[in-house]
Amino acid sequence: MGLSTAFTELFGVEHPIALAPMGGSAGGALTAAVSRGGGLGLLGSGNGDQDWLARELPILADEGAGKPWGIGFQSWAIDDGVVARALEHDPAAVMLSFGDPGPFAERVRGAGASLILQVTDLEEARRAVDLGADVIVAQGTEAGGHGARHGRSTLPFVPVVVDLAAPVPVLAAGGIADGRGVAAALALGAAGALLGTRFQATAEALVAPATARAIVEGRGEDTERNRVLDIARGSRWPAKYTARTLGHPFLDGWRGREDELAAAPHARREYQEAVARGEIPALPQWAGEAVDLIDDLPPAAELVGTLAAQAEAALARAGRR
């Protein structure tokens with residue numbers, strides 16, 4: 001039957017499911033697989049590193065089967081040249097998250113790509129509407145990876161953004177890891193869902209095997225939102241965006257002491273030395289609160305179909321009640 005929404009109609013995709021453009025881990029193979037599966041794959045370019053894109057874009061072109069795809073950037077970490085170079089590859093969409101997308105919005109739309117803007121609070125949502133976003137992603141604080149330090153949960157946040165943005169289609173993000181979550185997003189008025197952690201645990205994701213295992217074995221209560229690991233690894237992420245991660249030895253030692261850590265270069269050196277010795281993961285293990293629902297590492301294209309079937313079944317059950 002399929003679930004037709006304003007999102008599926010806009011991109012000509014089969015299912016109202018999108019891949020979160022997770023920086024570095026949503027590479028060409030994963031993006032292509034999600035698009036082949038009937039969703040919208042979004043390449044996780046992060047800061048637009050040219051070497052990374054030069055490696056991953058040909059993979060996407062080879063494996064994408066001509067399906068629509070997009071690319072995502074962190075607004076705070078890019079310049080206009082990064083966006084211009086990405087648009088040369090004719091993505092169907094460019095997604096901008098975290099920071100002011102204003103300097104890049106007109107270039108994206110002028111190139112004929114759809115502008116997807118992720119928002120973490122109502123101020124950002126109003127800005128996205130004013131900039132003429134074609135799609136808005138409403139991210140709740142349950143999401144893995146970076147998000148609002150003082151944000152709102154997905155359940156109350158999404159319908160508020162839906163009402164504010166109408167008729168612009170909204171995707172729900174944060175704490176969605178199975179088809180029931182996709183169905184819930186649709187019930188809240190969203191036109192689909194954007195999933196990150198669930199796609200981290202797939203055959204094509206660019207994550208270390210240890211990270212994939214940690215996601216499969218993790219529990220929602222194992223995750224927490226923090227800035228400690230950003231500070232420790234010298235990341236320039238703005239302070240208003242914390243990151244939800246699985247547990248970490250360095251986090252245990254510095255929890256609640258962010259200012260002290262920022263003023264302790266010796267501690268940051270200890271972190272880097274521990275990474276070099278293999279005592280801690282090279283990157284934080286990003287994971288959302290729905291990690292409990294993940295217990296396998298399927299091919300991503302197959303997963304898209306599974307999620308869609310689960311969502312249809314959940315909606316059918318709800319309609320019979």
# chains A, B, ... in the order shown; residues from 1 in each chain; ligands from 1
>>> residues_around(residues="stretch 191-199 of chain A", least_positions_apart="4", cutoff="7 Å", atoms="only C-alpha atoms", output="ChimeraX atom specification")
/A:5-7,16-20,22,144,169-173,176-177,182,185-186,205,287-288,294,300
>>> residues_around(residues="stretch 93-97 of chain A", least_positions_apart="2", cutoff="6 Å", atoms="only C-alpha atoms", output="number ranges by chain")
A: 70-75, 91, 113-118
>>> select_by_dssp(residues="stretch 202-290 of chain A", states="strand (DSSP E)", output="tab-separated table (two decimals) with N, CA, C and O atoms, in the first residue's frame")
chain	number	residue	atom	x	y	z
A	224	GLU	N	23.70	9.62	27.63
A	224	GLU	CA	23.51	10.91	28.29
A	224	GLU	C	24.03	12.02	27.40
A	224	GLU	O	24.90	11.81	26.55
A	225	ARG	N	23.47	13.20	27.59
A	225	ARG	CA	23.84	14.36	26.80
A	225	ARG	C	24.91	15.14	27.55
A	225	ARG	O	24.76	15.44	28.74
A	226	ASN	N	26.00	15.47	26.85
A	226	ASN	CA	27.12	16.12	27.53
A	226	ASN	C	27.98	16.90	26.54
A	226	ASN	O	27.86	16.73	25.33
A	241	TYR	N	25.00	23.21	21.71
A	241	TYR	CA	24.69	21.87	21.22
A	241	TYR	C	25.53	20.83	21.96
A	241	TYR	O	26.75	20.77	21.77
A	242	THR	N	24.88	20.06	22.80
A	242	THR	CA	25.55	18.96	23.47
A	242	THR	C	25.37	17.68	22.65
A	242	THR	O	24.65	17.68	21.66
A	243	ALA	N	26.02	16.60	23.07
A	243	ALA	CA	25.94	15.35	22.30
A	243	ALA	C	25.46	14.21	23.20
A	243	ALA	O	25.96	14.04	24.32
A	244	ARG	N	24.50	13.43	22.69
A	244	ARG	CA	24.07	12.24	23.41
A	244	ARG	C	24.95	11.07	22.98
A	244	ARG	O	25.04	10.75	21.80
A	245	THR	N	25.60	10.46	23.96
A	245	THR	CA	26.54	9.38	23.70
A	245	THR	C	26.29	8.23	24.67
A	245	THR	O	25.63	8.39	25.70
>>> residues_around(residues="A:Asp292", least_positions_apart="2", cutoff="10 Å", atoms="only C-alpha atoms", output="PyMOL selection string")
chain A and resi 177+215-222+288-290+294-295
>>> write_last_selection(atoms="all heavy atoms", output="short mmCIF file (atom, residue, chain, number, x, y, z; two decimals), in the first residue's frame")
data_model
loop_
_atom_site.label_atom_id
_atom_site.label_comp_id
_atom_site.auth_asym_id
_atom_site.auth_seq_id
_atom_site.Cartn_x
_atom_site.Cartn_y
_atom_site.Cartn_z
N ALA A 177 13.47 4.45 16.32
CA ALA A 177 14.36 3.36 15.89
C ALA A 177 13.60 2.16 15.36
O ALA A 177 14.23 1.14 15.05
CB ALA A 177 15.27 2.93 17.05
N ILE A 215 26.21 -0.23 20.18
CA ILE A 215 24.84 0.20 19.92
C ILE A 215 23.87 -0.97 20.09
O ILE A 215 22.82 -0.85 20.71
CB ILE A 215 24.74 0.81 18.52
CG1 ILE A 215 25.50 2.13 18.46
CG2 ILE A 215 23.28 1.03 18.12
CD1 ILE A 215 25.62 2.72 17.07
N VAL A 216 24.23 -2.13 19.53
CA VAL A 216 23.37 -3.30 19.64
C VAL A 216 23.18 -3.72 21.10
O VAL A 216 22.09 -4.14 21.51
CB VAL A 216 23.94 -4.46 18.80
CG1 VAL A 216 23.23 -5.77 19.11
CG2 VAL A 216 23.84 -4.14 17.32
N GLU A 217 24.22 -3.58 21.89
CA GLU A 217 24.17 -4.01 23.28
C GLU A 217 23.71 -2.91 24.24
O GLU A 217 23.44 -3.18 25.41
CB GLU A 217 25.57 -4.50 23.71
CG GLU A 217 26.04 -5.73 22.95
CD GLU A 217 27.50 -6.05 23.19
OE1 GLU A 217 28.15 -5.31 23.97
OE2 GLU A 217 28.01 -7.02 22.60
N GLY A 218 23.61 -1.68 23.76
CA GLY A 218 23.33 -0.55 24.63
C GLY A 218 21.88 -0.45 25.08
O GLY A 218 20.98 -1.06 24.51
N ARG A 219 21.68 0.35 26.09
CA ARG A 219 20.35 0.64 26.62
C ARG A 219 20.17 2.16 26.67
O ARG A 219 21.13 2.91 26.80
CB ARG A 219 20.18 0.06 28.02
CG ARG A 219 20.37 -1.46 28.09
CD ARG A 219 20.46 -1.91 29.54
NE ARG A 219 21.61 -1.28 30.19
CZ ARG A 219 21.84 -1.36 31.51
NH1 ARG A 219 21.02 -2.01 32.29
NH2 ARG A 219 22.90 -0.75 32.03
N GLY A 220 18.92 2.58 26.61
CA GLY A 220 18.65 4.01 26.62
C GLY A 220 19.21 4.71 27.83
O GLY A 220 19.70 5.84 27.75
N GLU A 221 19.17 4.02 28.99
CA GLU A 221 19.68 4.65 30.21
C GLU A 221 21.20 4.74 30.22
O GLU A 221 21.79 5.40 31.09
CB GLU A 221 19.19 3.92 31.46
CG GLU A 221 19.55 2.46 31.54
CD GLU A 221 18.44 1.55 31.03
OE1 GLU A 221 17.74 1.95 30.07
OE2 GLU A 221 18.26 0.46 31.59
N ASP A 222 21.84 4.05 29.27
CA ASP A 222 23.29 4.17 29.14
C ASP A 222 23.71 5.45 28.44
O ASP A 222 24.91 5.78 28.42
CB ASP A 222 23.86 3.00 28.33
CG ASP A 222 23.63 1.65 28.99
OD1 ASP A 222 23.54 1.62 30.23
OD2 ASP A 222 23.54 0.64 28.27
N GLY A 288 21.13 7.35 20.48
CA GLY A 288 19.94 7.96 21.03
C GLY A 288 19.25 7.06 22.05
O GLY A 288 19.63 5.91 22.28
N GLU A 289 18.19 7.60 22.66
CA GLU A 289 17.51 6.90 23.73
C GLU A 289 16.77 5.64 23.27
O GLU A 289 16.44 4.79 24.09
CB GLU A 289 16.53 7.84 24.43
CG GLU A 289 17.20 8.89 25.28
CD GLU A 289 16.20 9.69 26.10
OE1 GLU A 289 15.01 9.32 26.14
OE2 GLU A 289 16.61 10.69 26.71
N ALA A 290 16.52 5.51 21.99
CA ALA A 290 15.81 4.33 21.49
C ALA A 290 16.75 3.18 21.17
O ALA A 290 16.35 2.21 20.52
CB ALA A 290 14.99 4.70 20.25
N ILE A 294 17.35 -1.69 19.13
CA ILE A 294 18.27 -2.13 18.08
C ILE A 294 18.99 -3.39 18.53
O ILE A 294 19.70 -3.38 19.55
CB ILE A 294 19.28 -1.02 17.76
CG1 ILE A 294 18.55 0.24 17.30
CG2 ILE A 294 20.28 -1.49 16.71
CD1 ILE A 294 19.44 1.45 17.16
N ASP A 295 18.82 -4.48 17.80
CA ASP A 295 19.47 -5.73 18.20
C ASP A 295 20.11 -6.47 17.02
O ASP A 295 20.45 -7.65 17.13
CB ASP A 295 18.49 -6.65 18.92
CG ASP A 295 17.28 -7.01 18.07
OD1 ASP A 295 17.28 -6.70 16.85
OD2 ASP A 295 16.33 -7.61 18.62
#
>>> residues_around(residues="stretch 271-274 of chain A", least_positions_apart="5", cutoff="10 Å", atoms="only C-alpha atoms", output="PyMOL selection string")
chain A and resi 229+232-234+249-250+265-266+279-282
>>> closest_residue(among="A:Gly110, A:Gly12, A:Gly81, A:Gly48", to="A:Ser35", atoms="only C-alpha atoms")
A:Gly12
>>> atom_distance(atom1="atom CA of A:Thr306", atom2="atom CA of A:Gly39")
11.5 Å
>>> select_by_dssp(residues="stretch 234-263 of chain A", states="helix (DSSP H, G or I)", output="ChimeraX atom specification")
/A:249-254,258-262
>>> write_last_selection(atoms="all heavy atoms", output="compact mmCIF listing (two decimals), in the first residue's frame")
# COMPACT_ATOMS: atom_id res chain seq x y z
N PRO A 249 34.72 6.24 29.70
CA PRO A 249 35.53 6.42 30.92
C PRO A 249 35.89 7.88 31.19
O PRO A 249 35.90 8.31 32.35
CB PRO A 249 36.79 5.58 30.62
CG PRO A 249 36.36 4.58 29.61
CD PRO A 249 35.31 5.26 28.78
N PHE A 250 36.21 8.63 30.14
CA PHE A 250 36.59 10.02 30.34
C PHE A 250 35.40 10.85 30.82
O PHE A 250 35.55 11.75 31.64
CB PHE A 250 37.15 10.60 29.04
CG PHE A 250 38.09 11.74 29.25
CD1 PHE A 250 39.44 11.52 29.53
CD2 PHE A 250 37.66 13.05 29.17
CE1 PHE A 250 40.32 12.57 29.72
CE2 PHE A 250 38.53 14.11 29.37
CZ PHE A 250 39.86 13.87 29.64
N LEU A 251 34.24 10.53 30.31
CA LEU A 251 33.02 11.21 30.76
C LEU A 251 32.79 10.96 32.24
O LEU A 251 32.43 11.88 33.00
CB LEU A 251 31.83 10.74 29.92
CG LEU A 251 30.44 11.22 30.31
CD1 LEU A 251 30.38 12.74 30.31
CD2 LEU A 251 29.40 10.64 29.36
N ASP A 252 32.99 9.74 32.67
CA ASP A 252 32.80 9.41 34.09
C ASP A 252 33.72 10.25 34.98
O ASP A 252 33.34 10.64 36.08
CB ASP A 252 33.08 7.92 34.33
CG ASP A 252 32.05 7.02 33.69
OD1 ASP A 252 30.94 7.50 33.40
OD2 ASP A 252 32.36 5.83 33.46
N GLY A 253 34.93 10.52 34.50
CA GLY A 253 35.89 11.26 35.31
C GLY A 253 35.66 12.76 35.33
O GLY A 253 36.11 13.44 36.26
N TRP A 254 34.92 13.30 34.31
CA TRP A 254 34.80 14.75 34.21
C TRP A 254 33.35 15.23 34.17
O TRP A 254 33.10 16.42 33.95
CB TRP A 254 35.53 15.24 32.96
CG TRP A 254 37.02 15.18 33.11
CD1 TRP A 254 37.85 14.15 32.75
CD2 TRP A 254 37.86 16.18 33.68
NE1 TRP A 254 39.14 14.45 33.06
CE2 TRP A 254 39.19 15.70 33.62
CE3 TRP A 254 37.63 17.44 34.22
CZ2 TRP A 254 40.27 16.43 34.10
CZ3 TRP A 254 38.71 18.19 34.68
CH2 TRP A 254 40.01 17.67 34.63
N GLU A 258 32.81 20.65 33.22
CA GLU A 258 33.15 21.11 31.88
C GLU A 258 34.09 22.30 31.90
O GLU A 258 35.07 22.34 31.13
CB GLU A 258 31.87 21.45 31.10
CG GLU A 258 30.99 20.24 30.83
CD GLU A 258 29.68 20.62 30.15
OE1 GLU A 258 29.47 21.83 29.90
OE2 GLU A 258 28.88 19.72 29.87
N ASP A 259 33.80 23.30 32.73
CA ASP A 259 34.64 24.49 32.77
C ASP A 259 36.06 24.14 33.24
O ASP A 259 37.05 24.66 32.71
CB ASP A 259 34.04 25.54 33.70
CG ASP A 259 32.76 26.14 33.14
OD1 ASP A 259 32.53 26.00 31.92
OD2 ASP A 259 31.99 26.74 33.91
N GLU A 260 36.14 23.25 34.20
CA GLU A 260 37.45 22.83 34.70
C GLU A 260 38.22 22.09 33.61
O GLU A 260 39.43 22.31 33.42
CB GLU A 260 37.26 21.92 35.92
CG GLU A 260 38.55 21.49 36.58
CD GLU A 260 38.31 20.59 37.78
OE1 GLU A 260 37.14 20.51 38.24
OE2 GLU A 260 39.28 19.95 38.24
N LEU A 261 37.53 21.24 32.86
CA LEU A 261 38.18 20.50 31.77
C LEU A 261 38.68 21.44 30.69
O LEU A 261 39.79 21.28 30.16
CB LEU A 261 37.19 19.49 31.18
CG LEU A 261 37.66 18.69 29.97
CD1 LEU A 261 38.91 17.88 30.30
CD2 LEU A 261 36.54 17.79 29.47
N ALA A 262 37.86 22.44 30.35
CA ALA A 262 38.26 23.38 29.30
C ALA A 262 39.52 24.15 29.67
O ALA A 262 40.26 24.59 28.79
CB ALA A 262 37.11 24.36 29.03
>>> atom_distance(atom1="atom CA of A:Thr223", atom2="atom CA of A:Arg269")
24.7 Å
>>> residues_around(residues="A:Pro156", least_positions_apart="3", cutoff="12 Å", atoms="only C-alpha atoms", output="PyMOL selection string")
chain A and resi 121-122+138-142+151-153+159-163+172+174+184-185+188-189
>>> write_last_selection(atoms="C-alpha atoms", output="PDB file, in the first residue's frame")
ATOM      1  CA  ASP A 121      13.923  24.839  19.245  1.00  0.00           C
ATOM      2  CA  LEU A 122      11.101  27.141  18.192  1.00  0.00           C
ATOM      3  CA  ALA A 138      12.181  18.795  14.256  1.00  0.00           C
ATOM      4  CA  GLN A 139      14.809  17.131  16.440  1.00  0.00           C
ATOM      5  CA  GLY A 140      13.970  16.149  19.998  1.00  0.00           C
ATOM      6  CA  THR A 141      16.526  15.740  22.749  1.00  0.00           C
ATOM      7  CA  GLU A 142      16.275  11.924  22.651  1.00  0.00           C
ATOM      8  CA  GLY A 151      15.772  21.390  23.961  1.00  0.00           C
ATOM      9  CA  ARG A 152      12.463  19.558  24.146  1.00  0.00           C
ATOM     10  CA  SER A 153      11.454  15.948  23.781  1.00  0.00           C
ATOM     11  CA  PRO A 159       3.403  18.817  16.737  1.00  0.00           C
ATOM     12  CA  VAL A 160       4.275  22.363  17.786  1.00  0.00           C
ATOM     13  CA  VAL A 161       6.669  22.651  14.851  1.00  0.00           C
ATOM     14  CA  VAL A 162       4.099  21.022  12.538  1.00  0.00           C
ATOM     15  CA  ASP A 163       1.561  23.697  13.481  1.00  0.00           C
ATOM     16  CA  ALA A 172      10.375  14.009  13.247  1.00  0.00           C
ATOM     17  CA  GLY A 174      14.999  11.825  17.989  1.00  0.00           C
ATOM     18  CA  ALA A 184       4.015   7.880  15.858  1.00  0.00           C
ATOM     19  CA  ALA A 185       5.715  10.642  13.874  1.00  0.00           C
ATOM     20  CA  LEU A 188       1.872  13.711  15.361  1.00  0.00           C
ATOM     21  CA  GLY A 189       1.332  15.357  11.993  1.00  0.00           C
TER      22      GLY A 189
END
>>> decode(residues="stretch 145-187 of chain A", atoms="C-alpha atoms", output="short mmCIF file (atom, residue, chain, number, x, y, z; two decimals), in the first residue's frame")
data_model
loop_
_atom_site.label_atom_id
_atom_site.label_comp_id
_atom_site.auth_asym_id
_atom_site.auth_seq_id
_atom_site.Cartn_x
_atom_site.Cartn_y
_atom_site.Cartn_z
CA GLY A 145 24.74 12.79 18.57
CA HIS A 146 24.46 16.55 18.77
CA GLY A 147 21.32 18.46 19.61
CA ALA A 148 19.98 21.23 21.80
CA ARG A 149 21.48 21.60 25.25
CA HIS A 150 18.15 22.96 26.46
CA GLY A 151 15.77 21.39 23.96
CA ARG A 152 12.46 19.56 24.15
CA SER A 153 11.45 15.95 23.78
CA THR A 154 10.28 14.71 20.41
CA LEU A 155 6.69 13.94 21.44
CA PRO A 156 5.72 17.51 22.45
CA PHE A 157 8.13 19.30 20.11
CA VAL A 158 7.10 17.81 16.76
CA PRO A 159 3.40 18.82 16.74
CA VAL A 160 4.28 22.36 17.79
CA VAL A 161 6.67 22.65 14.85
CA VAL A 162 4.10 21.02 12.54
CA ASP A 163 1.56 23.70 13.48
CA LEU A 164 4.08 26.52 13.24
CA ALA A 165 5.48 25.44 9.87
CA ALA A 166 2.30 24.39 8.04
CA PRO A 167 2.07 23.73 5.14
CA VAL A 168 5.83 22.99 5.06
CA PRO A 169 6.34 19.24 5.64
CA VAL A 170 8.08 18.31 8.88
CA LEU A 171 10.16 15.23 9.66
CA ALA A 172 10.37 14.01 13.25
CA ALA A 173 13.79 13.08 14.64
CA GLY A 174 15.00 11.82 17.99
CA GLY A 175 14.27 8.52 19.68
CA ILE A 176 12.88 6.79 16.58
CA ALA A 177 14.36 3.36 15.89
CA ASP A 178 11.54 1.18 14.59
CA GLY A 179 8.37 1.39 12.54
CA ARG A 180 6.24 2.21 15.57
CA GLY A 181 8.28 5.38 15.96
CA VAL A 182 7.72 6.23 12.29
CA ALA A 183 3.98 5.66 12.78
CA ALA A 184 4.02 7.88 15.86
CA ALA A 185 5.72 10.64 13.87
CA LEU A 186 2.96 10.47 11.27
CA ALA A 187 0.31 10.51 13.99
#
